[in-house]
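Some notes on the structure that comes next.
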Amino acid sequence: MSNIYLGYHFTIEPKELGSEILVAELGEKAFESFTETENGISAFVKKDLWDKNILDDIYILQSEEFKIAYTIEEIDQVNWNEEWEKNFEAIDVDGKCHVRAPFHPKTDAKFDIVIEPKMSFGTGHHETTHMMIQHLLEIDVEGMKTLDMGCGTAILAILAEMKGAYPIDAIDIDNWCYLNSIENAERNNCQHITVYEGDATLLDGKKYDLIIANINRNILLNDMQSYISSLNPQATLLLSGFYEEDIPFIDASCTEKGLTYVKKFQRNNWVSLKYVN
């Protein structure tokens with residue numbers, strides 16, 4: 001198989017939400033890496049795995065809610081390490097937690113998390129991750145049975161273990177995220193994280209003291225009952241991955257199911273909410 005890639009360069013309006021949805025859909029295809037650009041994203045697929053109909057059933061491209069255009073270029077011998085280093089930014093939260101790739105310098109932060117990004121996408125992800133880290137830094141999670149739902153690279157699960165939470169389940173529906181989370185847990189010498197590939201149906205019969213769910217509004221609303229049914233008494237639920245205008249929908253779903261609102265963090269238009277059972 002050759003190392004020739006096709007790069008699809010998408011311009012997207014509105015950018016943040018559209019990029020998130022588009023990456024999720026393209027991730028179901030043969031596209032294997034994504035980078036954020038000023039006006040959208042770039043997506044890369046090996047030419048050997050490409051076919052002319054690869055975008056035919058990408059729903060968002062047909063949606064009237066988004067304006068999306070793209071160009072295509074052929075790229076020979078993509079240096080993915082160079083792409084990651086250009087696009088993946090370290091996250092420094094209040095000087096207490098540093099989330100970085102191996103090529104970033106180590107700081108004196110109390111919690112130093114090293115991940116191999118492998119897929120660099122999303123200022124939005126950085127913002128929501130930042131807020132979820134802020135929540136975790138404020139909570140005494142010692143001995144808490146914890147769930148990181150939609151774990152991505154397992155950043156939040158790793159921080160939870162560093163702060164004394166155990167055991168920890170990390171779940172993601174995406175195979176790449178599942179494999180990358182296993183690698184990152186090992187890279188950070190975690191002993192109490194178990195990674196699963198799947199969705200909220202894996203929660204049946206399980207109970208947690210802390211559930212972290214950094215996904216998106218639609219999935220959160222769809223799976224909220226599963227999360228709440230999995231909370232122990234006095235347990236904490238941390239939610240992010242949605243916008244300020246989504247709060248009424250998220251809050252109604254939580255409060256009508258018996259949760260109590262505690263706190264909100266906001267960065268730009270992204271928000272993160274804390275509830276207790």
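By order in the structure tokens, chains are A, B, ...; within a chain, residues start at 1; ligands start at 1, following the order shown.
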
Could you find all residues in stretch 44-188 of chain A that DSSP calls strand (DSSP E) from the backbone, and write them as an MDAnalysis selection string?
chainID A and resid 44:46 67:76 91:93 97:100 111:114 146:149 168:172

Expected file contents, prior selection, N, CA, C and O atoms, as a CSV table (one decimal), in the first residue's frame:
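Heads up, here's the output in again17.csv:
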chain,number,residue,atom,x,y,z
A,44,PHE,N,-7.7,13.6,5.9
A,44,PHE,CA,-6.8,12.9,5.1
A,44,PHE,C,-7.1,11.4,5.0
A,44,PHE,O,-7.5,10.7,5.9
A,45,VAL,N,-7.1,10.9,3.7
A,45,VAL,CA,-7.4,9.5,3.5
A,45,VAL,C,-6.4,8.9,2.5
A,45,VAL,O,-5.9,9.6,1.6
A,46,LYS,N,-5.9,7.7,2.7
A,46,LYS,CA,-5.0,7.1,1.8
A,46,LYS,C,-5.6,6.9,0.5
A,46,LYS,O,-6.8,6.4,0.4
A,67,LYS,N,-23.0,25.6,5.8
A,67,LYS,CA,-22.4,25.9,4.5
A,67,LYS,C,-21.1,25.3,4.5
A,67,LYS,O,-20.2,25.7,5.2
A,68,ILE,N,-20.9,24.3,3.6
A,68,ILE,CA,-19.6,23.5,3.6
A,68,ILE,C,-19.1,23.4,2.1
A,68,ILE,O,-19.9,23.1,1.2
A,69,ALA,N,-17.9,23.8,1.9
A,69,ALA,CA,-17.2,23.7,0.6
A,69,ALA,C,-15.9,23.0,0.9
A,69,ALA,O,-15.4,23.0,2.0
A,70,TYR,N,-15.3,22.4,-0.2
A,70,TYR,CA,-14.0,21.7,0.0
A,70,TYR,C,-13.2,21.7,-1.3
A,70,TYR,O,-13.8,21.8,-2.4
A,71,THR,N,-11.9,21.6,-1.1
A,71,THR,CA,-11.0,21.3,-2.2
A,71,THR,C,-10.3,20.0,-1.9
A,71,THR,O,-10.2,19.6,-0.7
A,72,ILE,N,-9.7,19.4,-2.9
A,72,ILE,CA,-8.9,18.2,-2.7
A,72,ILE,C,-7.5,18.3,-3.3
A,72,ILE,O,-7.4,18.9,-4.4
A,73,GLU,N,-6.6,17.8,-2.6
A,73,GLU,CA,-5.2,17.8,-3.2
A,73,GLU,C,-4.6,16.4,-2.9
A,73,GLU,O,-4.9,15.8,-1.9
A,74,GLU,N,-3.7,16.0,-3.7
A,74,GLU,CA,-2.9,14.8,-3.5
A,74,GLU,C,-1.6,15.1,-2.8
A,74,GLU,O,-0.9,16.1,-3.2
A,75,ILE,N,-1.3,14.3,-1.8
A,75,ILE,CA,-0.2,14.6,-0.9
A,75,ILE,C,0.7,13.3,-0.9
A,75,ILE,O,0.2,12.2,-0.6
A,76,ASP,N,1.9,13.5,-1.2
A,76,ASP,CA,2.9,12.3,-1.2
A,76,ASP,C,3.6,12.3,0.2
A,76,ASP,O,4.1,13.3,0.6
A,91,ILE,N,-2.3,21.7,26.8
A,91,ILE,CA,-3.4,22.3,27.6
A,91,ILE,C,-2.8,22.6,29.0
A,91,ILE,O,-2.3,21.6,29.7
A,92,ASP,N,-2.8,23.8,29.5
A,92,ASP,CA,-2.3,24.2,30.8
A,92,ASP,C,-3.5,24.7,31.6
A,92,ASP,O,-4.1,25.7,31.2
A,93,VAL,N,-3.9,24.0,32.6
A,93,VAL,CA,-5.1,24.4,33.4
A,93,VAL,C,-4.7,24.9,34.8
A,93,VAL,O,-4.2,24.2,35.6
A,97,CYS,N,-2.5,21.5,36.1
A,97,CYS,CA,-2.5,20.3,35.2
A,97,CYS,C,-2.0,20.6,33.8
A,97,CYS,O,-2.5,21.6,33.2
A,98,HIS,N,-1.1,19.9,33.3
A,98,HIS,CA,-0.6,20.1,32.0
A,98,HIS,C,-0.8,18.8,31.2
A,98,HIS,O,-0.4,17.7,31.5
A,99,VAL,N,-1.6,19.0,30.1
A,99,VAL,CA,-1.8,17.9,29.2
A,99,VAL,C,-1.0,18.2,27.9
A,99,VAL,O,-1.2,19.2,27.2
A,100,ARG,N,-0.1,17.3,27.6
A,100,ARG,CA,0.9,17.5,26.5
A,100,ARG,C,1.2,16.3,25.7
A,100,ARG,O,0.9,15.2,26.2
A,111,PHE,N,0.0,17.8,38.1
A,111,PHE,CA,-0.5,16.7,37.3
A,111,PHE,C,0.0,16.9,35.8
A,111,PHE,O,-0.4,17.8,35.1
A,112,ASP,N,0.9,16.0,35.4
A,112,ASP,CA,1.5,16.1,34.1
A,112,ASP,C,1.1,14.9,33.3
A,112,ASP,O,1.5,13.8,33.5
A,113,ILE,N,0.2,15.1,32.3
A,113,ILE,CA,-0.4,14.0,31.5
A,113,ILE,C,0.2,14.1,30.1
A,113,ILE,O,0.1,15.1,29.4
A,114,VAL,N,0.7,13.0,29.7
A,114,VAL,CA,1.3,12.9,28.3
A,114,VAL,C,0.5,12.0,27.5
A,114,VAL,O,0.2,10.8,27.8
A,146,THR,N,-15.2,5.6,39.0
A,146,THR,CA,-15.4,6.7,38.0
A,146,THR,C,-15.6,6.1,36.6
A,146,THR,O,-15.1,5.1,36.2
A,147,LEU,N,-16.4,6.9,35.8
A,147,LEU,CA,-16.7,6.6,34.4
A,147,LEU,C,-16.3,7.8,33.6
A,147,LEU,O,-16.8,8.9,33.9
A,148,ASP,N,-15.5,7.6,32.6
A,148,ASP,CA,-15.1,8.6,31.6
A,148,ASP,C,-15.8,8.2,30.3
A,148,ASP,O,-15.4,7.3,29.6
A,149,MET,N,-17.0,8.8,30.0
A,149,MET,CA,-17.8,8.4,28.9
A,149,MET,C,-17.5,9.2,27.7
A,149,MET,O,-17.5,10.5,27.8
A,168,ILE,N,-11.6,2.8,37.4
A,168,ILE,CA,-12.1,3.7,36.4
A,168,ILE,C,-12.4,3.0,35.1
A,168,ILE,O,-11.6,2.2,34.6
A,169,ASP,N,-13.6,3.2,34.6
A,169,ASP,CA,-14.0,2.7,33.3
A,169,ASP,C,-13.9,3.9,32.3
A,169,ASP,O,-14.4,5.0,32.6
A,170,ALA,N,-13.3,3.6,31.1
A,170,ALA,CA,-13.3,4.6,30.0
A,170,ALA,C,-13.9,4.0,28.8
A,170,ALA,O,-13.5,2.9,28.4
A,171,ILE,N,-14.9,4.7,28.3
A,171,ILE,CA,-15.7,4.1,27.1
A,171,ILE,C,-15.7,5.1,26.0
A,171,ILE,O,-16.0,6.3,26.1
A,172,ASP,N,-15.5,4.5,24.8
A,172,ASP,CA,-15.7,5.3,23.6
A,172,ASP,C,-16.2,4.4,22.5
A,172,ASP,O,-15.8,3.3,22.3

As JSON, numbers by chain, which residues of stretch 10-216 of chain A does DSSP assign to alpha helix (DSSP H)?
{"A": [15, 16, 17, 18, 19, 20, 21, 22, 23, 24, 25, 26, 80, 81, 82, 83, 84, 85, 86, 87, 123, 124, 125, 126, 127, 128, 129, 130, 131, 132, 133, 134, 135, 136, 137, 138, 155, 156, 157, 158, 159, 160, 161, 162, 175, 176, 177, 178, 179, 180, 181, 182, 183, 184, 185, 186, 187]}

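You will find atom CA of A:Leu17 at 27.6 Å from atom CA of A:Thr260.
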
In terms of the shortest atom-to-atom distance over only C-alpha atoms, which of A:Ser253, A:Asn175, A:Asn180, A:Asn269 is closest to A:Ser226?
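Closest residue, counting only C-alpha atoms: A:Ser253.
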
Here is a test: counting only C-alpha atoms, which residue of A:Phe34, A:Ala43, A:Lys207, A:Glu142 is nearest to A:Gly7?
A:Ala43

Within 9 Å of A:Leu137, counting only C-alpha atoms, which residues show up once you throw out same-chain ones fewer than 2 positions away? Write them as a PyMOL selection string, please.
chain A and resi 96-97+132-135+139-140+159-160+163

Do you know which residues are at most 9 Å from A:Tyr227 counting only C-alpha atoms, after dropping those on the same chain fewer than 6 positions away, and could you put them as a PyMOL selection string?
chain A and resi 200+203+211+213+220+237

Neighbouring residues of A:Asp56 were defined as those with any atom within 12 Å, considering only C-alpha atoms; residues of the same chain fewer than 5 positions away were excluded. Please report them as a list in words.
Glu25, Leu26, Lys29, Asp51, Leu61 and Gln62 of chain A

Interatomic distance, atom CA of A:Val276 to atom CA of A:Lys145 (Å, one decimal):
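Distance reported for this atom pair: 14.8 Å.
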